[in-house]
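data-v8.cif (mmCIF, C-alpha atoms and all ligand atoms)
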data_protein
loop_
_atom_site.label_atom_id
_atom_site.label_comp_id
_atom_site.auth_asym_id
_atom_site.auth_seq_id
_atom_site.Cartn_x
_atom_site.Cartn_y
_atom_site.Cartn_z
CA MET A 1 -134.64 128.83 -196.62
CA THR A 2 -138.37 128.15 -196.66
CA GLY A 3 -140.66 129.64 -194.03
CA PRO A 4 -143.41 127.82 -192.10
CA ASP A 5 -146.43 126.40 -193.94
CA LYS A 6 -149.00 129.16 -193.41
CA SER A 7 -152.05 127.03 -194.30
CA LEU A 8 -155.21 127.76 -192.34
CA GLU A 9 -155.19 124.13 -191.16
CA ASN A 10 -151.87 124.72 -189.42
CA TYR A 11 -153.17 127.83 -187.67
CA ASP A 12 -156.25 125.83 -186.60
CA GLN A 13 -154.00 123.07 -185.23
CA TYR A 14 -151.95 125.65 -183.34
CA ILE A 15 -155.08 126.99 -181.62
CA SER A 16 -156.62 123.58 -180.93
CA GLN A 17 -153.42 122.12 -179.47
CA LEU A 18 -153.29 124.99 -177.00
CA PHE A 19 -156.97 125.50 -176.16
CA ALA A 20 -159.25 122.83 -177.61
CA VAL A 21 -157.71 119.42 -177.00
CA GLU A 22 -160.49 116.84 -177.25
CA ASP A 23 -160.84 114.54 -174.24
CA PRO A 24 -161.81 110.84 -174.69
CA VAL A 25 -165.54 111.69 -174.42
CA LEU A 26 -165.44 114.10 -177.37
CA GLN A 27 -163.28 111.68 -179.38
CA ALA A 28 -165.73 108.84 -178.65
CA THR A 29 -168.65 111.09 -179.65
CA ARG A 30 -167.15 111.65 -183.09
CA ALA A 31 -166.34 107.93 -183.41
CA THR A 32 -169.92 106.95 -182.56
CA MET A 33 -171.26 109.47 -185.07
CA GLN A 34 -169.11 107.89 -187.76
CA GLN A 35 -170.18 104.34 -186.82
CA GLU A 36 -173.83 105.44 -186.95
CA GLY A 37 -173.44 106.96 -190.42
CA LEU A 38 -173.79 110.62 -189.38
CA ARG A 39 -171.97 113.11 -191.60
CA PRO A 40 -169.03 114.91 -189.90
CA ILE A 41 -170.73 118.32 -190.12
CA ASN A 42 -170.34 119.10 -186.42
CA VAL A 43 -168.42 122.17 -185.29
CA SER A 44 -164.64 121.75 -185.11
CA ALA A 45 -162.87 121.43 -181.75
CA THR A 46 -161.80 125.08 -181.93
CA GLY A 47 -165.41 126.01 -182.81
CA GLY A 48 -166.66 123.97 -179.85
CA GLN A 49 -164.16 125.66 -177.54
CA LEU A 50 -165.36 129.07 -178.74
CA LEU A 51 -168.98 128.10 -177.94
CA TYR A 52 -167.85 126.85 -174.50
CA LEU A 53 -166.02 130.11 -173.83
CA LEU A 54 -168.96 132.29 -174.90
CA ALA A 55 -171.38 130.26 -172.75
CA LEU A 56 -169.04 130.64 -169.74
CA MET A 57 -168.76 134.38 -170.34
CA ASN A 58 -172.53 134.67 -170.42
CA GLY A 59 -172.96 132.60 -167.22
CA ALA A 60 -175.43 130.36 -169.03
CA ARG A 61 -178.04 128.50 -167.01
CA ARG A 62 -180.38 127.81 -169.93
CA ILE A 63 -179.12 127.10 -173.46
CA LEU A 64 -181.16 126.35 -176.58
CA GLU A 65 -179.51 124.62 -179.54
CA ILE A 66 -181.13 124.29 -182.97
CA GLY A 67 -179.45 121.38 -184.79
CA THR A 68 -178.20 118.52 -182.56
CA LEU A 69 -176.66 116.00 -184.99
CA GLY A 70 -174.71 113.57 -182.71
CA GLY A 71 -174.49 115.92 -179.71
CA TYR A 72 -170.90 117.12 -180.28
CA SER A 73 -171.55 120.87 -179.94
CA ALA A 74 -174.16 120.15 -177.23
CA ILE A 75 -171.40 118.56 -175.12
CA TRP A 76 -169.12 121.62 -175.48
CA LEU A 77 -172.00 123.96 -174.60
CA ALA A 78 -173.47 121.89 -171.75
CA ARG A 79 -170.06 121.69 -170.06
CA ALA A 80 -170.28 125.45 -169.56
CA LEU A 81 -173.65 125.27 -167.77
CA GLN A 82 -174.01 126.12 -164.12
CA ALA A 83 -174.67 123.06 -161.92
CA ASP A 84 -178.44 123.65 -162.03
CA GLY A 85 -178.41 124.53 -165.74
CA ALA A 86 -180.16 122.91 -168.67
CA LEU A 87 -179.71 122.68 -172.43
CA ILE A 88 -182.53 121.89 -174.84
CA SER A 89 -181.41 120.76 -178.30
CA LEU A 90 -183.73 120.42 -181.32
CA ASP A 91 -183.36 118.14 -184.33
CA ILE A 92 -185.72 116.96 -187.04
CA ASP A 93 -184.04 113.56 -187.35
CA ALA A 94 -184.96 110.84 -184.82
CA HIS A 95 -181.80 108.82 -185.56
CA HIS A 96 -179.57 111.85 -184.94
CA ALA A 97 -181.43 112.46 -181.67
CA ALA A 98 -180.95 108.82 -180.57
CA VAL A 99 -177.19 108.95 -181.28
CA ALA A 100 -176.93 112.30 -179.47
CA ARG A 101 -178.76 110.97 -176.40
CA ARG A 102 -176.31 108.07 -176.20
CA ASN A 103 -173.31 110.39 -176.53
CA LEU A 104 -174.71 112.78 -173.94
CA ALA A 105 -175.24 109.89 -171.51
CA GLN A 106 -171.61 108.81 -172.06
CA ALA A 107 -170.60 112.39 -171.29
CA GLY A 108 -172.62 112.32 -168.04
CA LEU A 109 -174.81 115.15 -169.32
CA ASP A 110 -178.10 113.31 -169.90
CA THR A 111 -179.76 114.81 -166.84
CA GLN A 112 -178.96 118.34 -168.05
CA VAL A 113 -179.58 117.99 -171.77
CA GLU A 114 -182.93 117.24 -173.41
CA VAL A 115 -183.17 116.48 -177.13
CA ARG A 116 -186.52 117.29 -178.76
CA VAL A 117 -187.37 115.76 -182.14
CA GLY A 118 -189.32 117.58 -184.84
CA PRO A 119 -189.03 120.44 -187.35
CA ALA A 120 -187.32 123.20 -185.37
CA LEU A 121 -189.79 125.91 -186.36
CA ALA A 122 -192.75 123.88 -185.02
CA THR A 123 -190.87 123.07 -181.80
CA LEU A 124 -189.87 126.71 -181.31
CA THR A 125 -193.44 127.89 -181.90
CA ALA A 126 -194.68 125.38 -179.30
CA MET A 127 -192.02 126.58 -176.85
CA ALA A 128 -193.08 130.21 -177.29
CA GLN A 129 -196.76 129.28 -176.84
CA ALA A 130 -195.89 127.32 -173.69
CA ARG A 131 -194.09 130.45 -172.41
CA GLU A 132 -190.93 128.49 -171.58
CA ALA A 133 -188.45 130.32 -169.35
CA PRO A 134 -186.08 132.61 -171.28
CA PHE A 135 -182.74 131.31 -172.49
CA ASP A 136 -179.31 132.83 -171.81
CA LEU A 137 -177.87 131.59 -175.09
CA VAL A 138 -179.30 130.25 -178.37
CA PHE A 139 -177.05 128.41 -180.86
CA ILE A 140 -178.44 128.09 -184.40
CA ASP A 141 -176.83 125.30 -186.47
CA ALA A 142 -179.50 123.61 -188.61
CA ASP A 143 -180.89 124.09 -192.16
CA LYS A 144 -179.64 127.43 -193.45
CA ASP A 145 -182.92 128.31 -195.19
CA GLY A 146 -184.59 128.25 -191.78
CA TYR A 147 -182.09 130.63 -190.14
CA VAL A 148 -184.11 133.85 -190.51
CA ALA A 149 -187.25 132.21 -189.07
CA TYR A 150 -185.19 130.74 -186.23
CA LEU A 151 -183.78 134.19 -185.56
CA GLN A 152 -187.28 135.67 -185.04
CA GLN A 153 -188.06 132.91 -182.52
CA ALA A 154 -184.63 133.15 -180.86
CA VAL A 155 -185.00 136.90 -180.24
CA ALA A 156 -188.31 136.21 -178.48
CA LEU A 157 -186.92 133.29 -176.45
CA VAL A 158 -183.59 134.81 -175.32
CA ARG A 159 -183.31 137.07 -172.28
CA GLU A 160 -182.21 140.68 -172.45
CA GLY A 161 -178.39 140.56 -172.53
CA GLY A 162 -178.47 136.98 -173.84
CA LEU A 163 -176.51 135.67 -176.82
CA ILE A 164 -177.67 134.37 -180.19
CA LEU A 165 -174.97 132.49 -182.13
CA ALA A 166 -175.27 131.14 -185.67
CA ASP A 167 -172.81 128.81 -187.37
CA ASN A 168 -171.64 128.62 -191.00
CA THR A 169 -172.32 132.26 -191.78
CA LEU A 170 -169.37 133.07 -194.04
CA PRO A 171 -170.04 131.00 -197.18
CA ASP A 172 -168.57 132.12 -200.52
CA GLU A 173 -171.89 133.73 -201.51
CA VAL A 174 -171.34 136.60 -199.08
CA LEU A 175 -168.75 137.98 -201.53
CA ASP A 176 -171.03 137.64 -204.57
CA ALA A 177 -173.80 140.22 -204.95
CA ASN A 178 -175.57 137.98 -207.48
CA ARG A 179 -175.86 134.99 -205.20
CA ASP A 180 -178.30 134.41 -202.38
CA SER A 181 -178.13 132.02 -199.42
CA GLY A 182 -179.80 131.40 -196.09
CA ALA A 183 -176.68 132.46 -194.22
CA LYS A 184 -176.50 135.70 -196.19
CA ARG A 185 -180.17 136.47 -195.47
CA TYR A 186 -179.50 135.67 -191.80
CA ASN A 187 -176.56 138.08 -191.56
CA ALA A 188 -178.63 140.82 -193.23
CA ALA A 189 -181.56 140.21 -190.84
CA VAL A 190 -179.26 140.31 -187.82
CA ALA A 191 -177.57 143.50 -189.00
CA ALA A 192 -180.95 145.22 -189.48
CA HIS A 193 -182.44 144.04 -186.17
CA PRO A 194 -182.90 146.97 -183.75
CA ALA A 195 -182.57 144.77 -180.65
CA LEU A 196 -179.30 143.07 -181.63
CA VAL A 197 -175.67 144.17 -181.49
CA SER A 198 -173.68 141.76 -183.67
CA SER A 199 -170.61 140.81 -185.63
CA ILE A 200 -169.22 137.79 -187.48
CA VAL A 201 -166.13 136.03 -186.15
CA PRO A 202 -164.22 133.98 -188.74
CA VAL A 203 -163.64 130.44 -187.43
CA LEU A 204 -160.87 128.23 -188.84
CA ARG A 205 -161.86 124.82 -190.16
CA ARG A 206 -159.86 121.81 -191.32
CA GLN A 207 -160.40 123.14 -194.84
CA GLY A 208 -160.48 126.92 -195.04
CA PHE A 209 -162.62 128.93 -192.66
CA ASP A 210 -166.23 129.75 -191.89
CA GLY A 211 -168.03 132.24 -189.68
CA LEU A 212 -169.91 132.40 -186.40
CA THR A 213 -172.36 135.30 -186.20
CA ILE A 214 -172.51 136.54 -182.61
CA SER A 215 -175.38 138.76 -181.41
CA ILE A 216 -176.31 140.11 -178.03
CA LYS A 217 -179.91 141.16 -177.33
CA ARG A 218 -179.91 144.76 -176.26
CA THR A 219 -183.30 146.36 -176.73
CA PRO A 220 -182.91 150.14 -177.25
CA ARG A 221 -184.34 152.29 -174.47
CA THR A 222 -187.39 154.29 -175.62
C1 LIG B 1 -174.78 120.96 -188.94
S1 LIG B 1 -175.75 119.74 -188.16
C2 LIG B 1 -175.65 120.23 -186.45
C3 LIG B 1 -174.28 120.02 -185.90
C4 LIG B 1 -174.19 120.13 -184.39
N1 LIG B 1 -174.67 121.43 -183.93
C5 LIG B 1 -172.76 119.97 -183.96
O1 LIG B 1 -171.94 120.88 -184.21
O2 LIG B 1 -172.43 118.94 -183.36
C6 LIG B 1 -177.38 120.23 -188.59
C7 LIG B 1 -178.49 119.41 -187.92
O3 LIG B 1 -179.72 120.12 -188.17
C8 LIG B 1 -180.75 119.18 -188.34
N2 LIG B 1 -181.85 119.82 -189.08
C9 LIG B 1 -181.92 120.09 -190.41
N3 LIG B 1 -183.09 120.68 -190.71
C10 LIG B 1 -183.77 120.79 -189.55
C11 LIG B 1 -185.05 121.31 -189.21
N4 LIG B 1 -185.87 121.86 -190.12
N5 LIG B 1 -185.43 121.27 -187.92
C12 LIG B 1 -184.60 120.74 -186.97
N6 LIG B 1 -183.39 120.24 -187.24
C13 LIG B 1 -182.97 120.25 -188.51
C14 LIG B 1 -180.10 118.02 -189.08
O4 LIG B 1 -180.82 116.83 -188.89
C15 LIG B 1 -178.69 118.00 -188.48
O5 LIG B 1 -178.62 117.04 -187.44
#
Could you render the structure as structure tokens?
Amino acid sequence: MTGPDKSLENYDQYISQLFAVEDPVLQATRATMQQEGLRPINVSATGGQLLYLLALMNGARRILEIGTLGGYSAIWLARALQADGALISLDIDAHHAAVARRNLAQAGLDTQVEVRVGPALATLTAMAQAREAPFDLVFIDADKDGYVAYLQQAVALVREGGLILADNTLPDEVLDANRDSGAKRYNAAVAAHPALVSSIVPVLRRQGFDGLTISIKRTPRT
């Protein structure tokens, strides 16, 4: 007698069928992304549900996302916002931003979500200079080589007790001392940061798994 197929995909399906069933809005968002030629590099449904859960746990009123693509993860996150909450999402690509704005409008979230176009580091620097109100949660999901620089800005922009999340942080290189990557540098920077308490949660994907690095800002008392 053969046992069940223990592929990671089947475990992912088990979780998503229970907790992360996509509604028509999320399905339509992925369909629009495909029609518009965007690569399917958005978080999975189970990854989106995890973001939603973390944002609910942190009572988020203000969320910052770095890396919008077609707005898929922004929809999961924005659905966790309090009624008076806001999400600002940054992307370098004007076409991605236009697709995301359409998807967010379809989701009824266009009054709560603003998409800003430009290189994230420049936008973040401008936000810090403008002394924008602190964020409850920052989600980093853009170019991996920028992750460490985004972390420095995120620590400054997030409130005490707020969350900083970073996606795709368990690539193969983490197991190879001779290989470097932006995600690996990010994990090292997070681990060494005195104001962050962190860990990496493995997240199942359609093919294999990846990681979400979760940090809470907790400045040590002097
Ligand atoms: C993995 S996708 C984001 C996926 C999205 N968070 C989701 O799950 O639905 C990465 C996005 O980062 C954007 N990006 C890449 N480099 C960037 C940069 N330097 N500044 C801002 N955005 C950037 C890309 O245009 C792309 O849309």
Item checked: Answer as an MDAnalysis selection string, residues within 8 Å of (-183.2, 136.6, -174.5) using all atoms listed in the file -> chainID A and resid 134:137 154:163 217
Same residues, C-alpha atoms, saved as a compact mmCIF listing (two decimals), in the coordinates of the input:
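result_29.txt, freshly written:
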# COMPACT_ATOMS: atom_id res chain seq x y z
CA PRO A 134 -186.08 132.61 -171.28
CA PHE A 135 -182.74 131.31 -172.49
CA ASP A 136 -179.31 132.83 -171.81
CA LEU A 137 -177.87 131.59 -175.09
CA ALA A 154 -184.63 133.15 -180.86
CA VAL A 155 -185.00 136.90 -180.24
CA ALA A 156 -188.31 136.21 -178.48
CA LEU A 157 -186.92 133.29 -176.45
CA VAL A 158 -183.59 134.81 -175.32
CA ARG A 159 -183.31 137.07 -172.28
CA GLU A 160 -182.21 140.68 -172.45
CA GLY A 161 -178.39 140.56 -172.53
CA GLY A 162 -178.47 136.98 -173.84
CA LEU A 163 -176.51 135.67 -176.82
CA LYS A 217 -179.91 141.16 -177.33
Check: Can I get the residues close to ligand LIG 1 (chain B) as a PyMOL selection string, where close means within 7 Å and we count only C-alpha atoms and all ligand atoms?
Finding: chain A and resi 41-43+66-74+90-93+96+118-121+141-143+146
Check: From the list A:Ala98, A:Leu26, A:Ala126, A:Ser44, which residue is nearest Asp12 (chain A) when using only C-alpha atoms?
Finding: A:Ser44
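Minimum atom-to-atom distances from A:Arg116, A:Arg206, A:Arg221, A:Arg39 to Pro194 (chain A) were compared using only C-alpha atoms, and the lowest value belongs to A:Arg221.
The shortest atom-to-atom distance to Val201 (chain A), with only C-alpha atoms taken into account, belongs to A:Gly47 out of A:Arg101, A:Tyr186, A:Arg79, A:Gly47.
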Note to self: Residues within 12 Å of Leu56 (chain A), please, as a ChimeraX atom specification. Count only C-alpha atoms; anything in the same chain fewer than 6 positions from it doesn't count.
What the structure shows: /A:49-50,62-63,76-82,85,136-137,163
Checklist line | Using all atoms listed in the file: which of A:Met33, A:Ala189, A:Ile88, A:Leu38 has the shortest distance to Thr123 (chain A) | finding: A:Ile88
Item checked: Ref. answer, residues at most 9 Å from (-175.7, 134.1, -195.3) with only C-alpha atoms, as an MDAnalysis selection string -> chainID A and resid 144 147 168:171 173:174 180:188
Next item on the list: Provide the CA of Val115 (chain A) to CA of Ala100 (chain A) distance in Å, to one decimal place.
Entry: 7.9 Å
Check: Quick one: residues within 12 Å of Thr46 (chain A), all atoms listed in the file counted, chain neighbours fewer than 2 positions away excluded, as an MDAnalysis selection string?
Finding: chainID A and resid 9 11:22 42:44 48:53 73 76 202:206 209:210 212
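CA of Pro220 (chain A) to CA of Ala191 (chain A) spans 14.5 Å [interatomic distance, one decimal].
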